[in-house]
Protein chains: 2
Amino acid sequence: MRIYFTFEPRPDLRKPLVEEFPQCDFVFENGLSTDELQKADVLVTYGEDLNDANIQYATKLEWIFVASAGVEKMPAQAIMDRDILVSNVRGIHKTPMAESILAHILAIKRALPWMYEQQKKSEWSKKGKQTELRDNTALILGPGAIGSEVGRLLQAFGVTTIGCNRSGNAAPYMDEMVSFAKLTEALPKADIVLSVLPKTPDTTHLLKDEHFNAMKNDAIFMNFGRGNLVDEKVLIRAIEEGEIGYAVLDVFEEEPLSANNPLWSYPNVIVSPHVSSHSSRYVERSLAIFKPSLTKWLDGDTALENIMDLSRGY
Amino acid sequence: MRIYFTFEPRPDLRKPLVEEFPQCDFVFENGLSTDELQKADVLVTYGEDLNDANIQYATKLEWIFVASAGVEKMPAQAIMDRDILVSNVRGIHKTPMAESILAHILAIKRALPWMYEQQKKSEWSKKGKQTELRDNTALILGPGAIGSEVGRLLQAFGVTTIGCNRSGNAAPYMDEMVSFAKLTEALPKADIVLSVLPKTPDTTHLLKDEHFNAMKNDAIFMNFGRGNLVDEKVLIRAIEEGEIGYAVLDVFEEEPLSANNPLWSYPNVIVSPHVSSHSSRYVERSLAIFKPSLTKWLDGDTALENIMDLSRGY
């Protein structure tokens, strides 16, 4: 059994893996070579190095483990045609993303950007505008694994959570639920409006002028889902006309954000360069999902964790 | 009944107070005049305007409500000599301080200072060193009202909490307790070392070289109690010799911190100018404690909330 990694885990993570599975031949490379792909039974990848051209070389390949949650860049049809099983690390982003989202909210409430600037000037000043998170209301678009984890943490801070999804059906750690159709009515209550929605036809430009009009003028709007949620022109108008108090953006219609994009320079916009899920513990967490799946696989059991349905895109 | 405020609450907070107690004469001034002090039955103050000279004018005064937690600057003996009851707003700092402490921890873990600098350069980079708070261990010196609230929130983030006080007796939201005497043994476990200790003879220079030696080299050290906890020279040596990863300081041996103090300029030190308890909701919260006490007082009931024992200093 030949297992081909197209990235190189740190030695302290690689060594126990190799020792735990002496029956496997491991190959670790930084990048994908068609040579190695031809010999591999199992491929472990971040998913961005596979394409319609090189997948043709994967003649022995039976299982792809994607150490990532999105598969937008994978050659889905070619993989399905070859009947290759694909599993991923769904849920791995929950902890770092929820921590990033709480970090940004608390930093704004407790005036950390102001404080950092004062320090650069060696200026002892108590004039920062510090408010509190407690007793706020947060509206969470997409209360799935990540959104509910954010809801759980916000509730610990005494925040009321309103979840919003297509159906309006209950979701964990949401005090209230509304459907997409009732969104405009719920928005005036929210001090924080957070999206962690995936990219689907339903979510493209879901937020329009009327939604930003309905938000509190001091609301913090946060997009940590996908950039398709709102037309950038609509968002910029809302910022320029003071319809929201703050925007914290981890995702954009076009990434990377071009250097001349106005979003970089508003004092009440935070640009997070699509890093909210990044973590020094990412590979460690991925391997913790991979190992039990590999054990199953070696036993001939193909009911692995997080099997993906490429025809549906997740 | 004449009630003298030496600060001016916002009109939206002042109006309901005056309306709720039509039997009282309210005087609101920005600062203390001996003229008004002479006429007052009740004084509402931040506690910094009273001294041995002006307290002599308070001939009618029976109750001082201090909208602050510390009383270091009050003329304790003179107040006790005149048998004036003093109550304060103990616990009011719990929410904003715990939110500030979590804000700083999460901002460091999720690399927000780095991100803000990237944004100024309009630079899309994913190279920030982002780690996670989950599975960390925090050692909390002084697990009282504030320390326990921090413990509660840290536990929600999956952090193990070790409380440390003189006795080592149990405290809320602490997974483990150690006494001051066992501190050095506990420090190597901690990713975060936080003090919220008050200023007492016991706590002056409690932390010494040996304690910083015992900390992890990537530990975040946070002083949100009082500046007497550590000799500044000891702290600076620990920072310069890399014995800790980060220092977040809300309090200092001398405040304000002088403009030429080296603490301003280390890249891994955050100077918070003693503002962690500040909040736009401070006066609102103070009045929410004051009003039920005033109701009791008008009924002749002197068993008010948060009565202070000035002889003990709290």
# chains A, B, ... in the order shown; residues from 1 in each chain; ligands from 1
>>> residues_around(residues="Glu210 in chain B", least_positions_apart="4", cutoff="10 Å", atoms="only C-alpha atoms", output="PyMOL selection string")
chain B and resi 184+214-215+234+238
>>> write_last_selection(atoms="all heavy atoms", output="PDB file, in the first residue's frame")
ATOM      1  N   THR B 184       5.647  28.117  41.757  1.00  0.00           N
ATOM      2  CA  THR B 184       6.766  27.810  40.853  1.00  0.00           C
ATOM      3  C   THR B 184       6.599  26.425  40.209  1.00  0.00           C
ATOM      4  O   THR B 184       6.924  26.237  39.037  1.00  0.00           O
ATOM      5  CB  THR B 184       8.106  27.901  41.601  1.00  0.00           C
ATOM      6  OG1 THR B 184       8.133  29.146  42.297  1.00  0.00           O
ATOM      7  CG2 THR B 184       9.286  27.858  40.644  1.00  0.00           C
ATOM      8  N   ALA B 214      10.549  29.832  35.340  1.00  0.00           N
ATOM      9  CA  ALA B 214       9.746  28.599  35.318  1.00  0.00           C
ATOM     10  C   ALA B 214       8.668  28.614  34.236  1.00  0.00           C
ATOM     11  O   ALA B 214       8.112  27.571  33.885  1.00  0.00           O
ATOM     12  CB  ALA B 214       9.093  28.382  36.687  1.00  0.00           C
ATOM     13  N   MET B 215       8.368  29.799  33.684  1.00  0.00           N
ATOM     14  CA  MET B 215       7.299  29.868  32.671  1.00  0.00           C
ATOM     15  C   MET B 215       7.773  29.305  31.333  1.00  0.00           C
ATOM     16  O   MET B 215       8.964  29.332  31.025  1.00  0.00           O
ATOM     17  CB  MET B 215       6.863  31.332  32.461  1.00  0.00           C
ATOM     18  CG  MET B 215       6.085  31.908  33.639  1.00  0.00           C
ATOM     19  SD  MET B 215       5.531  33.619  33.292  1.00  0.00           S
ATOM     20  CE  MET B 215       5.368  34.238  34.988  1.00  0.00           C
ATOM     21  N   VAL B 234      12.611  43.107  36.855  1.00  0.00           N
ATOM     22  CA  VAL B 234      12.491  41.645  36.728  1.00  0.00           C
ATOM     23  C   VAL B 234      11.692  41.301  35.469  1.00  0.00           C
ATOM     24  O   VAL B 234      12.062  40.409  34.689  1.00  0.00           O
ATOM     25  CB  VAL B 234      11.821  41.056  37.995  1.00  0.00           C
ATOM     26  CG1 VAL B 234      11.449  39.592  37.790  1.00  0.00           C
ATOM     27  CG2 VAL B 234      12.738  41.225  39.203  1.00  0.00           C
ATOM     28  N   ALA B 238      12.931  39.353  31.971  1.00  0.00           N
ATOM     29  CA  ALA B 238      12.250  38.161  31.448  1.00  0.00           C
ATOM     30  C   ALA B 238      11.876  38.347  29.975  1.00  0.00           C
ATOM     31  O   ALA B 238      11.979  37.409  29.173  1.00  0.00           O
ATOM     32  CB  ALA B 238      10.999  37.870  32.285  1.00  0.00           C
TER      33      ALA B 238
END
>>> interface_residues(of="chain A", to="chain B", cutoff="7 Å", atoms="only C-alpha atoms", output="VMD selection string")
chain A and resid 96 99 to 100 103 106 to 107 110 115 119 122 to 126 130 to 132 153 156 256 to 257 259 264 271 to 273 275 278 to 281
>>> write_last_selection(atoms="C-alpha atoms", output="PDB file, in the first residue's frame")
ATOM      1  CA  PRO A  96      -9.744  28.193  14.610  1.00  0.00           C
ATOM      2  CA  GLU A  99     -11.674  31.689  17.753  1.00  0.00           C
ATOM      3  CA  SER A 100     -10.894  34.150  14.930  1.00  0.00           C
ATOM      4  CA  ALA A 103     -11.098  37.550  18.495  1.00  0.00           C
ATOM      5  CA  LEU A 106     -13.842  41.290  21.210  1.00  0.00           C
ATOM      6  CA  ALA A 107     -10.971  43.324  19.729  1.00  0.00           C
ATOM      7  CA  ARG A 110     -12.554  46.453  23.696  1.00  0.00           C
ATOM      8  CA  MET A 115      -4.797  50.673  21.836  1.00  0.00           C
ATOM      9  CA  GLN A 119       1.274  52.233  22.037  1.00  0.00           C
ATOM     10  CA  SER A 122       4.081  55.784  23.532  1.00  0.00           C
ATOM     11  CA  GLU A 123       0.901  57.653  24.438  1.00  0.00           C
ATOM     12  CA  TRP A 124      -0.862  56.907  27.730  1.00  0.00           C
ATOM     13  CA  SER A 125      -4.477  57.714  26.949  1.00  0.00           C
ATOM     14  CA  LYS A 126      -7.736  56.379  28.307  1.00  0.00           C
ATOM     15  CA  GLN A 130     -14.621  50.588  24.769  1.00  0.00           C
ATOM     16  CA  THR A 131     -17.980  48.861  24.825  1.00  0.00           C
ATOM     17  CA  GLU A 132     -19.112  45.400  25.877  1.00  0.00           C
ATOM     18  CA  LEU A 153     -19.129  30.832  22.527  1.00  0.00           C
ATOM     19  CA  ALA A 156     -21.092  32.106  27.072  1.00  0.00           C
ATOM     20  CA  PRO A 256      -6.532  37.971  -3.414  1.00  0.00           C
ATOM     21  CA  LEU A 257      -7.978  41.431  -2.884  1.00  0.00           C
ATOM     22  CA  ALA A 259      -3.862  46.320  -3.756  1.00  0.00           C
ATOM     23  CA  TRP A 264      -8.100  48.046   2.492  1.00  0.00           C
ATOM     24  CA  VAL A 271      -9.336  42.850   5.991  1.00  0.00           C
ATOM     25  CA  SER A 272      -8.512  39.303   7.076  1.00  0.00           C
ATOM     26  CA  PRO A 273      -6.812  37.708   4.030  1.00  0.00           C
ATOM     27  CA  VAL A 275      -6.869  33.144   7.026  1.00  0.00           C
ATOM     28  CA  HIS A 278      -5.420  28.896   9.539  1.00  0.00           C
ATOM     29  CA  SER A 279      -3.740  27.312  12.514  1.00  0.00           C
ATOM     30  CA  SER A 280      -0.366  25.919  13.434  1.00  0.00           C
ATOM     31  CA  ARG A 281      -2.329  22.835  14.539  1.00  0.00           C
TER      32      ARG A 281
END
>>> atom_distance(atom1="CA of Gln23 in chain A", atom2="CA of Trp63 in chain A")
16.9 Å
>>> closest_residue(among="B:Leu187, B:Val18, B:Val178, B:Val196", to="His93 in chain B", atoms="only C-alpha atoms")
B:Val196
>>> residues_around(residues="range 70-87 of chain A", least_positions_apart="3", cutoff="8 Å", atoms="only C-alpha atoms", output="ChimeraX atom specification")
/A:47-48,50-52,55,61-66,304-311,313-314
